[in-house]
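Okay, data_11.tsv is below, TSV, C-alpha atoms and all ligand atoms:
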```
chain	number	residue	atom	x	y	z
A	190	MET	CA	160.62	-38.23	66.97
A	191	THR	CA	158.67	-41.36	66.16
A	192	MET	CA	154.93	-41.19	66.76
A	193	THR	CA	153.89	-43.00	69.88
A	194	GLU	CA	151.10	-45.44	70.45
A	195	GLU	CA	149.07	-42.79	72.28
A	196	GLN	CA	148.70	-40.88	69.04
A	197	THR	CA	146.96	-43.74	67.28
A	198	PRO	CA	143.28	-44.62	67.67
A	199	SER	CA	142.94	-46.93	70.65
A	200	ASP	CA	140.81	-50.00	71.11
A	201	GLY	CA	142.40	-50.91	74.41
A	202	GLN	CA	144.19	-53.92	72.89
A	203	ILE	CA	145.96	-53.11	69.68
A	204	LYS	CA	149.01	-50.92	70.20
A	205	LYS	CA	150.66	-49.87	67.00
A	206	GLU	CA	153.26	-47.39	65.95
A	207	VAL	CA	152.53	-45.03	63.10
A	208	LEU	CA	155.05	-45.16	60.23
A	209	LEU	CA	153.33	-42.81	57.84
A	210	GLN	CA	150.60	-40.25	58.17
A	211	LEU	CA	148.76	-38.16	55.62
A	212	LYS	CA	147.13	-35.06	57.04
A	213	ASN	CA	144.47	-33.37	54.90
A	214	ALA	CA	146.42	-34.35	51.79
A	215	LYS	CA	145.15	-32.90	48.51
A	216	LYS	CA	146.39	-33.26	44.96
A	217	TYR	CA	144.60	-31.18	42.36
A	218	TYR	CA	145.79	-31.39	38.75
A	219	PRO	CA	145.12	-28.18	36.85
A	220	VAL	CA	142.94	-28.43	33.74
A	221	THR	CA	143.92	-25.97	31.02
A	222	ALA	CA	142.28	-24.89	27.78
A	223	GLY	CA	143.00	-22.81	24.70
A	224	PHE	CA	146.17	-21.60	23.01
A	225	PHE	CA	147.39	-19.83	26.15
A	226	LYS	CA	146.66	-22.86	28.32
A	227	ARG	CA	144.46	-20.87	30.64
A	228	LYS	CA	143.52	-22.78	33.80
A	229	VAL	CA	139.83	-23.65	33.64
A	230	GLY	CA	139.51	-26.01	36.59
A	231	ASP	CA	141.06	-28.77	38.66
A	232	ILE	CA	140.92	-32.53	38.69
A	233	LYS	CA	140.56	-33.33	42.37
A	234	ALA	CA	142.50	-36.61	42.27
A	235	VAL	CA	143.12	-36.69	46.04
A	236	ASP	CA	140.84	-34.52	48.09
A	237	ASP	CA	141.54	-34.00	51.78
A	238	ILE	CA	142.72	-37.44	52.83
A	239	ASN	CA	143.69	-38.38	56.38
A	240	LEU	CA	145.33	-41.74	56.73
A	241	GLU	CA	147.96	-43.50	58.80
A	242	LEU	CA	149.96	-46.64	58.14
A	243	PHE	CA	151.18	-48.66	61.09
A	244	LYS	CA	154.63	-50.24	61.18
A	245	GLY	CA	154.59	-53.78	59.86
A	246	GLU	CA	151.05	-53.78	58.52
A	247	THR	CA	149.65	-54.25	55.05
A	248	PHE	CA	147.13	-51.58	54.23
A	249	GLY	CA	144.98	-52.41	51.21
A	250	LEU	CA	143.76	-49.37	49.27
A	251	VAL	CA	140.84	-50.20	47.02
A	252	GLY	CA	138.71	-48.27	44.56
A	253	GLU	CA	137.60	-48.04	40.94
A	254	SER	CA	139.89	-46.87	38.16
A	255	GLY	CA	140.51	-43.11	38.36
A	256	CYS	CA	139.56	-42.70	42.04
A	257	GLY	CA	143.06	-41.46	42.90
A	258	LYS	CA	144.86	-44.52	44.30
A	259	SER	CA	148.05	-44.11	42.25
A	260	THR	CA	148.11	-40.38	42.89
A	261	LEU	CA	147.98	-41.11	46.62
A	262	GLY	CA	150.87	-43.55	46.23
A	263	LYS	CA	152.93	-40.98	44.30
A	264	LEU	CA	152.27	-38.36	46.97
A	265	ILE	CA	153.60	-40.66	49.68
A	266	LEU	CA	156.72	-41.43	47.62
A	267	ARG	CA	157.12	-37.67	47.06
A	268	LEU	CA	157.17	-38.27	43.29
A	269	ILE	CA	154.61	-35.46	43.07
A	270	ASN	CA	154.01	-32.55	45.42
A	271	PRO	CA	150.71	-32.21	47.26
A	272	THR	CA	148.53	-29.19	46.52
A	273	SER	CA	148.15	-28.89	50.29
A	274	GLY	CA	148.36	-31.03	53.41
A	275	ASN	CA	151.21	-32.89	55.06
A	276	ILE	CA	153.07	-36.19	54.73
A	277	ILE	CA	154.67	-37.38	57.95
A	278	PHE	CA	157.08	-40.28	57.64
A	279	ASN	CA	158.75	-41.91	60.61
A	280	GLY	CA	158.01	-38.82	62.71
A	281	ASN	CA	159.35	-36.29	60.17
A	282	ASP	CA	157.23	-33.95	58.10
A	283	ILE	CA	158.66	-34.79	54.66
A	284	THR	CA	156.17	-32.63	52.71
A	285	THR	CA	158.72	-30.00	51.79
A	286	PHE	CA	161.90	-32.10	51.89
A	287	THR	CA	164.24	-31.44	48.93
A	288	GLY	CA	167.84	-32.31	47.96
A	289	SER	CA	169.81	-34.57	50.30
A	290	LYS	CA	166.99	-34.81	52.85
A	291	LEU	CA	164.57	-36.07	50.21
A	292	ARG	CA	167.20	-38.43	48.82
A	293	ALA	CA	167.72	-39.92	52.27
A	294	VAL	CA	164.01	-40.47	52.84
A	295	ARG	CA	163.55	-42.00	49.38
A	296	ARG	CA	165.76	-44.92	50.40
A	297	ASP	CA	163.06	-45.95	52.83
A	298	LEU	CA	160.20	-45.62	50.36
A	299	GLN	CA	160.08	-47.98	47.40
A	300	MET	CA	157.55	-49.05	44.81
A	301	VAL	CA	156.57	-52.26	43.07
A	302	PHE	CA	154.80	-51.47	39.82
A	303	GLN	CA	151.84	-53.07	38.09
A	304	ASP	CA	153.58	-53.79	34.83
A	305	PRO	CA	156.91	-55.55	35.30
A	306	ILE	CA	157.76	-55.20	31.59
A	307	ALA	CA	157.38	-51.43	31.48
A	308	SER	CA	159.12	-50.90	34.81
A	309	LEU	CA	162.34	-52.80	33.99
A	310	ASN	CA	164.97	-51.45	31.62
A	311	SER	CA	165.12	-54.09	28.86
A	312	LYS	CA	168.71	-53.18	27.92
A	313	MET	CA	170.09	-53.74	31.41
A	314	MET	CA	171.33	-57.00	32.87
A	315	VAL	CA	169.10	-58.19	35.72
A	316	GLY	CA	171.94	-57.90	38.24
A	317	HIS	CA	172.39	-54.25	37.36
A	318	ILE	CA	168.65	-53.56	37.42
A	319	VAL	CA	168.49	-54.91	40.96
A	320	ASP	CA	171.68	-53.30	42.28
A	321	GLU	CA	171.11	-49.92	40.61
A	322	PRO	CA	169.48	-48.40	43.71
A	323	ILE	CA	172.47	-49.54	45.80
A	324	ARG	CA	174.92	-48.08	43.29
A	325	ASN	CA	173.00	-44.80	43.34
A	326	PHE	CA	172.48	-44.52	47.05
A	327	ALA	CA	174.85	-46.63	49.08
A	328	LYS	CA	177.75	-47.90	47.04
A	329	GLU	CA	180.35	-47.26	49.74
A	330	ASN	CA	178.66	-49.63	52.20
A	331	HIS	CA	178.46	-52.51	49.78
A	332	LYS	CA	181.83	-54.09	49.12
A	333	ASN	CA	180.30	-57.38	47.98
A	334	LEU	CA	177.66	-55.87	45.74
A	335	LYS	CA	177.45	-58.82	43.35
A	336	ASP	CA	177.14	-61.42	46.13
A	337	GLU	CA	174.52	-59.32	47.83
A	338	THR	CA	172.53	-58.89	44.63
A	339	GLN	CA	172.71	-62.60	43.86
A	340	SER	CA	171.42	-63.51	47.32
A	341	LEU	CA	168.57	-61.02	46.83
A	342	LEU	CA	167.71	-62.78	43.56
A	343	VAL	CA	167.69	-66.13	45.35
A	344	ARG	CA	165.58	-64.65	48.15
A	345	VAL	CA	162.85	-63.68	45.67
A	346	GLY	CA	162.83	-67.14	44.07
A	347	LEU	CA	165.25	-66.57	41.15
A	348	ARG	CA	168.69	-68.11	40.61
A	349	LYS	CA	172.17	-66.67	41.10
A	350	GLU	CA	172.86	-67.09	37.36
A	351	ASP	CA	169.86	-64.90	36.53
A	352	TYR	CA	172.12	-61.98	37.45
A	353	TYR	CA	173.57	-62.14	33.93
A	354	LYS	CA	170.28	-62.38	32.02
A	355	TYR	CA	167.99	-59.74	30.54
A	356	PRO	CA	164.30	-59.06	31.35
A	357	HIS	CA	163.00	-60.56	28.07
A	358	GLU	CA	164.37	-63.96	29.12
A	359	PHE	CA	161.87	-64.20	31.98
A	360	SER	CA	158.15	-64.88	32.39
A	361	GLY	CA	155.77	-62.20	33.76
A	362	GLY	CA	155.86	-63.62	37.28
A	363	GLN	CA	159.67	-63.84	37.25
A	364	ARG	CA	159.91	-60.26	36.00
A	365	GLN	CA	157.76	-59.16	38.89
A	366	ARG	CA	160.19	-60.99	41.20
A	367	ILE	CA	163.01	-58.91	39.67
A	368	GLY	CA	161.00	-55.76	40.38
A	369	ILE	CA	160.50	-56.89	43.97
A	370	ALA	CA	164.23	-57.63	44.40
A	371	ARG	CA	165.00	-54.14	43.12
A	372	ALA	CA	162.52	-52.58	45.55
A	373	LEU	CA	164.16	-54.51	48.41
A	374	ALA	CA	167.75	-53.62	47.51
A	375	LEU	CA	167.97	-50.69	49.93
A	376	HIS	CA	166.03	-52.41	52.70
A	377	PRO	CA	163.22	-49.86	52.69
A	378	LYS	CA	160.69	-49.36	55.47
A	379	LEU	CA	157.64	-48.91	53.24
A	380	ILE	CA	156.81	-50.51	49.90
A	381	ILE	CA	153.94	-49.24	47.81
A	382	ALA	CA	152.73	-52.09	45.63
A	383	ASP	CA	150.52	-50.62	42.90
A	384	GLU	CA	148.39	-53.50	41.55
A	385	PRO	CA	151.48	-55.76	41.62
A	386	VAL	CA	149.74	-58.91	40.38
A	387	SER	CA	146.98	-57.61	38.13
A	388	ALA	CA	149.09	-58.06	34.96
A	389	LEU	CA	149.92	-61.68	35.87
A	390	ASP	CA	148.14	-64.97	35.17
A	391	VAL	CA	145.81	-65.99	37.99
A	392	SER	CA	147.91	-69.11	38.63
A	393	ILE	CA	151.00	-66.95	39.23
A	394	GLN	CA	149.28	-64.26	41.31
A	395	ALA	CA	149.12	-66.34	44.50
A	396	GLN	CA	152.84	-67.20	44.28
A	397	VAL	CA	153.83	-63.54	44.03
A	398	LEU	CA	151.44	-62.55	46.84
A	399	ASN	CA	152.86	-65.30	49.07
A	400	LEU	CA	156.38	-64.11	48.31
A	401	LEU	CA	155.45	-60.54	49.29
A	402	LYS	CA	154.02	-61.87	52.56
A	403	GLU	CA	157.18	-63.84	53.40
A	404	LEU	CA	159.41	-60.89	52.58
A	405	GLN	CA	157.33	-58.64	54.82
A	406	GLN	CA	158.31	-60.75	57.83
A	407	ASP	CA	161.97	-61.09	56.88
A	408	PHE	CA	162.55	-57.44	55.97
A	409	ASN	CA	160.22	-55.77	58.54
A	410	LEU	CA	158.25	-54.13	55.79
A	411	THR	CA	155.11	-52.06	55.81
A	412	TYR	CA	153.01	-52.35	52.64
A	413	LEU	CA	150.54	-50.04	50.99
A	414	PHE	CA	148.87	-52.45	48.62
A	415	ILE	CA	146.83	-50.79	45.88
A	416	ALA	CA	144.13	-52.73	44.04
A	417	HIS	CA	140.90	-52.06	42.20
A	418	ASP	CA	138.86	-54.82	43.77
A	419	LEU	CA	138.43	-56.20	47.24
A	420	SER	CA	139.15	-59.83	46.40
A	421	VAL	CA	142.89	-59.33	45.74
A	422	VAL	CA	143.60	-57.36	48.92
A	423	LYS	CA	141.61	-59.78	51.08
A	424	HIS	CA	144.45	-62.25	51.55
A	425	MET	CA	147.15	-59.64	51.95
A	426	SER	CA	145.79	-56.86	54.11
A	427	ASP	CA	145.51	-56.20	57.82
A	428	ARG	CA	143.41	-53.10	57.24
A	429	ILE	CA	141.60	-51.80	54.22
A	430	GLY	CA	140.77	-48.31	52.99
A	431	VAL	CA	138.09	-47.78	50.36
A	432	MET	CA	138.54	-44.85	48.02
A	433	TYR	CA	135.94	-43.09	45.89
A	434	LEU	CA	136.49	-40.02	43.74
A	435	GLY	CA	139.51	-38.69	45.60
A	436	HIS	CA	138.16	-39.47	49.08
A	437	ILE	CA	138.65	-42.33	51.51
A	438	VAL	CA	135.10	-43.30	52.49
A	439	GLU	CA	135.87	-46.13	54.92
A	440	ILE	CA	138.81	-47.64	56.80
A	441	ALA	CA	138.53	-50.82	58.82
A	442	GLN	CA	140.33	-53.94	59.92
A	443	LYS	CA	140.08	-56.57	57.20
A	444	THR	CA	137.77	-58.93	59.11
A	445	ASP	CA	135.33	-56.11	59.92
A	446	ILE	CA	135.11	-54.77	56.41
A	447	TYR	CA	134.27	-58.14	54.83
A	448	LYS	CA	131.87	-59.14	57.63
A	449	GLU	CA	130.09	-55.86	58.11
A	450	PRO	CA	130.84	-53.14	55.55
A	451	LEU	CA	129.40	-49.81	56.68
A	452	HIS	CA	129.65	-47.37	53.78
A	453	PRO	CA	127.13	-48.02	50.95
A	454	TYR	CA	129.99	-47.93	48.44
A	455	THR	CA	131.95	-50.56	50.40
A	456	LYS	CA	128.79	-52.65	50.56
A	457	SER	CA	128.49	-52.56	46.78
A	458	LEU	CA	132.16	-53.59	46.34
A	459	ILE	CA	131.74	-56.48	48.80
A	460	SER	CA	128.59	-57.61	46.99
A	461	ALA	CA	130.59	-57.79	43.74
A	462	ILE	CA	133.07	-60.38	45.11
A	463	PRO	CA	132.18	-63.77	43.57
A	464	ASN	CA	130.81	-66.16	46.18
A	465	PRO	CA	132.69	-69.48	46.33
A	466	ASP	CA	129.56	-71.21	47.70
A	467	PRO	CA	127.07	-71.52	44.78
A	468	PHE	CA	124.20	-72.39	47.17
A	469	GLU	CA	124.60	-69.33	49.36
A	470	LYS	CA	122.39	-66.51	48.16
A	471	LYS	CA	124.13	-63.17	47.83
A	472	GLU	CA	122.50	-59.99	46.70
A	473	ARG	CA	124.55	-57.96	44.27
A	474	ILE	CA	124.26	-54.20	44.78
A	475	ILE	CA	124.43	-52.53	41.38
A	476	LEU	CA	125.27	-48.84	41.47
A	477	GLN	CA	123.38	-46.49	39.20
A	478	GLY	CA	125.10	-44.18	36.74
A	479	ASP	CA	128.77	-43.59	36.07
A	480	VAL	CA	131.54	-42.29	38.28
A	481	PRO	CA	131.21	-38.47	38.17
A	482	ASN	CA	133.91	-36.33	36.55
A	483	PRO	CA	136.60	-35.56	39.19
A	484	GLN	CA	136.83	-32.08	37.67
A	485	ASN	CA	133.29	-31.42	38.78
A	486	PRO	CA	132.58	-33.69	41.73
A	487	PRO	CA	129.07	-33.75	43.26
A	488	SER	CA	128.33	-31.38	46.13
A	489	GLY	CA	127.85	-32.76	49.64
A	490	CYS	CA	128.81	-36.42	49.74
A	491	VAL	CA	130.68	-37.23	46.52
A	492	PHE	CA	128.99	-40.64	46.43
A	493	HIS	CA	125.39	-39.38	46.73
A	494	THR	CA	124.67	-39.47	42.97
A	495	ARG	CA	125.17	-43.26	42.94
A	496	CYS	CA	124.19	-44.13	46.49
A	497	PRO	CA	121.18	-46.47	46.79
A	498	VAL	CA	120.31	-45.05	50.24
A	499	ALA	CA	121.08	-41.34	49.73
A	500	MET	CA	119.17	-38.88	51.92
A	501	PRO	CA	118.46	-35.17	51.25
A	502	ILE	CA	121.34	-34.11	53.55
A	503	CYS	CA	123.83	-36.07	51.37
A	504	GLN	CA	123.38	-33.62	48.48
A	505	GLU	CA	124.35	-30.65	50.60
A	506	VAL	CA	126.62	-31.56	53.46
A	507	LYS	CA	129.95	-33.33	53.11
A	508	PRO	CA	130.04	-36.14	55.70
A	509	ILE	CA	132.87	-36.06	58.22
A	510	PHE	CA	135.32	-38.96	58.10
A	511	LYS	CA	135.12	-40.10	61.68
A	512	GLU	CA	135.71	-43.02	64.00
A	513	VAL	CA	132.43	-44.88	64.56
A	514	LYS	CA	134.03	-47.83	66.35
A	515	PRO	CA	137.63	-48.51	67.39
A	516	TYR	CA	139.83	-48.57	64.28
A	517	ARG	CA	136.72	-48.05	62.18
A	518	ARG	CA	136.24	-44.81	60.27
A	519	VAL	CA	133.55	-43.99	57.79
A	520	ALA	CA	132.38	-40.89	55.93
A	521	CYS	CA	128.60	-41.30	55.68
A	522	HIS	CA	125.59	-39.44	57.09
A	523	LEU	CA	124.00	-42.77	58.00
A	524	TYR	CA	126.42	-42.99	60.91
A	525	GLU	CA	126.13	-39.49	62.28
A	601	LIG	N1	149.42	-36.16	35.65
A	601	LIG	C1	148.10	-35.99	35.64
A	601	LIG	N2	147.55	-34.89	35.10
A	601	LIG	C2	146.22	-34.68	35.08
A	601	LIG	N3	145.33	-35.58	35.61
A	601	LIG	C3	145.81	-36.69	36.16
A	601	LIG	C4	147.21	-36.97	36.20
A	601	LIG	N4	147.39	-38.18	36.81
A	601	LIG	C5	146.16	-38.63	37.14
A	601	LIG	N5	145.21	-37.75	36.75
A	601	LIG	C6	143.76	-37.86	36.95
A	601	LIG	O1	143.55	-37.97	38.37
A	601	LIG	C7	142.51	-38.89	38.64
A	601	LIG	C8	143.05	-40.00	39.53
A	601	LIG	O2	143.98	-40.76	38.78
A	601	LIG	P1	144.82	-41.99	39.40
A	601	LIG	O3	145.70	-42.52	38.34
A	601	LIG	O4	145.44	-41.56	40.67
A	601	LIG	O5	143.63	-43.02	39.70
A	601	LIG	P2	143.73	-44.58	40.02
A	601	LIG	O6	142.68	-44.86	41.03
A	601	LIG	O7	145.11	-44.96	40.36
A	601	LIG	O8	143.31	-45.21	38.62
A	601	LIG	P3	143.83	-46.58	37.94
A	601	LIG	O9	143.32	-47.69	38.82
A	601	LIG	O10	143.18	-46.56	36.60
A	601	LIG	O11	145.32	-46.50	37.89
A	601	LIG	C9	142.00	-39.40	37.30
A	601	LIG	O12	140.88	-38.61	36.93
A	601	LIG	C10	143.17	-39.13	36.37
A	601	LIG	O13	142.72	-38.91	35.04
```
Translate the structure of the given file into structure tokens.
Ligand SMILES: Nc1ncnc2c1ncn2[C@@H]1O[C@H](COP(=O)(O)OP(=O)(O)OP(=O)(O)O)[C@@H](O)[C@H]1O
Amino acid sequence: MTMTEEQTPSDGQIKKEVLLQLKNAKKYYPVTAGFFKRKVGDIKAVDDINLELFKGETFGLVGESGCGKSTLGKLILRLINPTSGNIIFNGNDITTFTGSKLRAVRRDLQMVFQDPIASLNSKMMVGHIVDEPIRNFAKENHKNLKDETQSLLVRVGLRKEDYYKYPHEFSGGQRQRIGIARALALHPKLIIADEPVSALDVSIQAQVLNLLKELQQDFNLTYLFIAHDLSVVKHMSDRIGVMYLGHIVEIAQKTDIYKEPLHPYTKSLISAIPNPDPFEKKERIILQGDVPNPQNPPSGCVFHTRCPVAMPICQEVKPIFKEVKPYRRVACHLYE
């Protein structure tokens, strides 16, 4: 069964269908010590996250290095198993899927990686890199595999002849186009793009982002777009989630989050975006201290040690992640 509109938060106007839902998802990596590798603790990379992605949207997931963004992406792709919680995709609880069921669902879930060099096999011809997923998953339905692969290459802005070349013959931006063609080969429903342009020259970034936008329309794609700062996701996203130390602290529609950030951490990220108008005064919010160790996160609100407006309650009570306005959720005692 596909989730219905009634099961999504309602604002009376926007009706959207849920494609993916995370329910209380946790991923703790064990920390071991000594000769016998005794477990001495956990790194709480993803800690009790509730999130839904709507069909056809781009959800931007933003947060500092190490906050758990990639781990969240890997959980959704079922590349790693959650410590607890559930992953619901297209109405099915895929948390415990294995074997042929997992294989089937993997066709719909693809990834575009940050580093196009590391993610492409340098010894393989581009045509075979791109059609590998088809050969693995759906060979029987693809009689004209080469033609299909060549039209995919053309669709991402490469040439038919590039089929016969090798990754080292391309620029960084072109290599990322190869990675995108490969991710599209099985016509997935959801693509997780993990910092897909951060390794590229600034001049090339916009081209690749525009391509991803065009493809979203043509292929009916939903994107989870991972980035470490809010300026990259601004142009791509419909909604944005802000992550801090394994938690999502705020989710909002893009326009709301840039106009009126609610969580103090979101406010600090917004204040760090360079202002294109040199005459407009903008106060930069500098956070104190370093990000705490995820093995020993602060009690209460995990952000309280760096929060410029922390209150006594923040040290003791974990704020509930709740809807404060339609489509607007925040985990902060200021809004309780
Ligand atoms: N396989 C692993 N084993 C142990 N710890 C891990 C593993 N993978 C990630 N971590 C830890 O989990 C936390 C979250 O890491 P993750 O890579 O998900 O963060 P991130 O936000 O994607 O960071 P970045 O932007 O640098 O990629 C970090 O403290 C990291 O060191």
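From CA of Leu291 (chain A) back to CA of Leu309 (chain A), the distance works out to 23.4 Å.
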**Message:** 12 Å from ligand LIG 601 (chain A) is the threshold here; counting all atoms listed in the file, which polymer residues fall inside it? Answer as number ranges by chain.
**Reply:** A: 215-221, 230-236, 250-264, 268-270, 302-304, 382-385, 387, 414-418, 431-437, 480-486
**Prompt:** What gap, in Å, lies between CA of Leu410 (chain A) and CA of Lys332 (chain A)?
**Reply:** 24.5 Å
**Item:** Selection near Glu472 (chain A), 7 Å with all atoms listed in the file, sequence-local residues under 2 positions removed, as a count of residues only
**Value:** 3
**Prompt:** Hey, can you check how far CA of Asn409 (chain A) sits from CA of Ser289 (chain A)?
**Reply:**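 Between CA of Asn409 (chain A) and CA of Ser289 (chain A) the gap is 24.7 Å.
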**Asked** Quick one: of A:Cys521, A:Met500, A:Leu375, A:Met314, who's nearest to Glu350 (chain A), counting all atoms listed in the file?
**Response**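 Among the listed residues, A:Met314 lies closest to Glu350 (chain A).
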**Message:** I need every residue sitting at most 10 Å from the point (168.1, -61.9, 49.6) (coordinates as in the file, all atoms listed in the file considered), written as JSON, numbers by chain.
**Reply:** {"A": [336, 337, 338, 339, 340, 341, 342, 343, 344, 345, 346, 370, 373, 374, 404, 407, 408]}
**Message:** Within 12 Å of (151.3, -65.8, 39.1) (file coordinates; all atoms listed in the file), which protein or nucleic acid residues are there? I'd like them as a list in words.
**Reply:**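 Checking each residue against the 12 Å limit leaves Ser360, Gly361, Gly362, Gln363, Arg364, Gln365, Arg366, Pro385, Val386, Ser387, Ala388, Leu389, Asp390, Val391, Ser392, Ile393, Gln394, Ala395, Gln396, Val397, Leu398, Asn399 and Leu400 of chain A.
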All heavy atoms are needed for region 270-277 of chain A; please write them out as an mmCIF file, in the coordinates of the input.
```cif
data_model
loop_
_atom_site.group_PDB
_atom_site.id
_atom_site.type_symbol
_atom_site.label_atom_id
_atom_site.label_comp_id
_atom_site.auth_asym_id
_atom_site.auth_seq_id
_atom_site.Cartn_x
_atom_site.Cartn_y
_atom_site.Cartn_z
ATOM 1 N N ASN A 270 154.212 -33.381 44.231
ATOM 2 C CA ASN A 270 154.010 -32.550 45.420
ATOM 3 C C ASN A 270 152.518 -32.386 45.692
ATOM 4 O O ASN A 270 151.727 -32.221 44.759
ATOM 5 C CB ASN A 270 154.622 -31.166 45.220
ATOM 6 C CG ASN A 270 156.128 -31.245 45.195
ATOM 7 O OD1 ASN A 270 156.723 -32.031 45.933
ATOM 8 N ND2 ASN A 270 156.754 -30.465 44.334
ATOM 9 N N PRO A 271 152.128 -32.423 46.971
ATOM 10 C CA PRO A 271 150.710 -32.210 47.260
ATOM 11 C C PRO A 271 150.312 -30.760 47.002
ATOM 12 O O PRO A 271 151.138 -29.852 47.111
ATOM 13 C CB PRO A 271 150.590 -32.541 48.749
ATOM 14 C CG PRO A 271 151.962 -32.375 49.304
ATOM 15 C CD PRO A 271 152.925 -32.635 48.188
ATOM 16 N N THR A 272 149.054 -30.557 46.652
ATOM 17 C CA THR A 272 148.530 -29.190 46.520
ATOM 18 C C THR A 272 148.468 -28.551 47.907
ATOM 19 O O THR A 272 148.776 -27.374 48.067
ATOM 20 C CB THR A 272 147.120 -29.248 45.878
ATOM 21 O OG1 THR A 272 147.230 -29.992 44.666
ATOM 22 C CG2 THR A 272 146.562 -27.874 45.620
ATOM 23 N N SER A 273 148.068 -29.323 48.886
ATOM 24 C CA SER A 273 148.150 -28.890 50.290
ATOM 25 C C SER A 273 148.122 -30.132 51.175
ATOM 26 O O SER A 273 147.908 -31.246 50.690
ATOM 27 C CB SER A 273 147.000 -27.948 50.640
ATOM 28 O OG SER A 273 145.775 -28.618 50.509
ATOM 29 N N GLY A 274 148.344 -29.924 52.462
ATOM 30 C CA GLY A 274 148.360 -31.030 53.410
ATOM 31 C C GLY A 274 149.775 -31.478 53.721
ATOM 32 O O GLY A 274 150.741 -30.916 53.178
ATOM 33 N N ASN A 275 149.898 -32.465 54.586
ATOM 34 C CA ASN A 275 151.210 -32.890 55.060
ATOM 35 C C ASN A 275 151.403 -34.400 54.970
ATOM 36 O O ASN A 275 150.465 -35.152 55.124
ATOM 37 C CB ASN A 275 151.415 -32.480 56.518
ATOM 38 C CG ASN A 275 151.404 -30.982 56.674
ATOM 39 O OD1 ASN A 275 150.346 -30.371 56.697
ATOM 40 N ND2 ASN A 275 152.580 -30.391 56.731
ATOM 41 N N ILE A 276 152.687 -34.773 54.752
ATOM 42 C CA ILE A 276 153.070 -36.190 54.730
ATOM 43 C C ILE A 276 154.113 -36.358 55.827
ATOM 44 O O ILE A 276 155.194 -35.742 55.764
ATOM 45 C CB ILE A 276 153.669 -36.580 53.362
ATOM 46 C CG1 ILE A 276 152.670 -36.238 52.243
ATOM 47 C CG2 ILE A 276 154.034 -38.059 53.318
ATOM 48 C CD1 ILE A 276 153.321 -36.020 50.904
ATOM 49 N N ILE A 277 153.761 -37.158 56.821
ATOM 50 C CA ILE A 277 154.670 -37.380 57.950
ATOM 51 C C ILE A 277 155.182 -38.809 57.841
ATOM 52 O O ILE A 277 154.384 -39.746 57.821
ATOM 53 C CB ILE A 277 153.937 -37.235 59.319
ATOM 54 C CG1 ILE A 277 152.932 -36.079 59.326
ATOM 55 C CG2 ILE A 277 154.928 -37.163 60.476
ATOM 56 C CD1 ILE A 277 153.515 -34.719 59.386
#
```
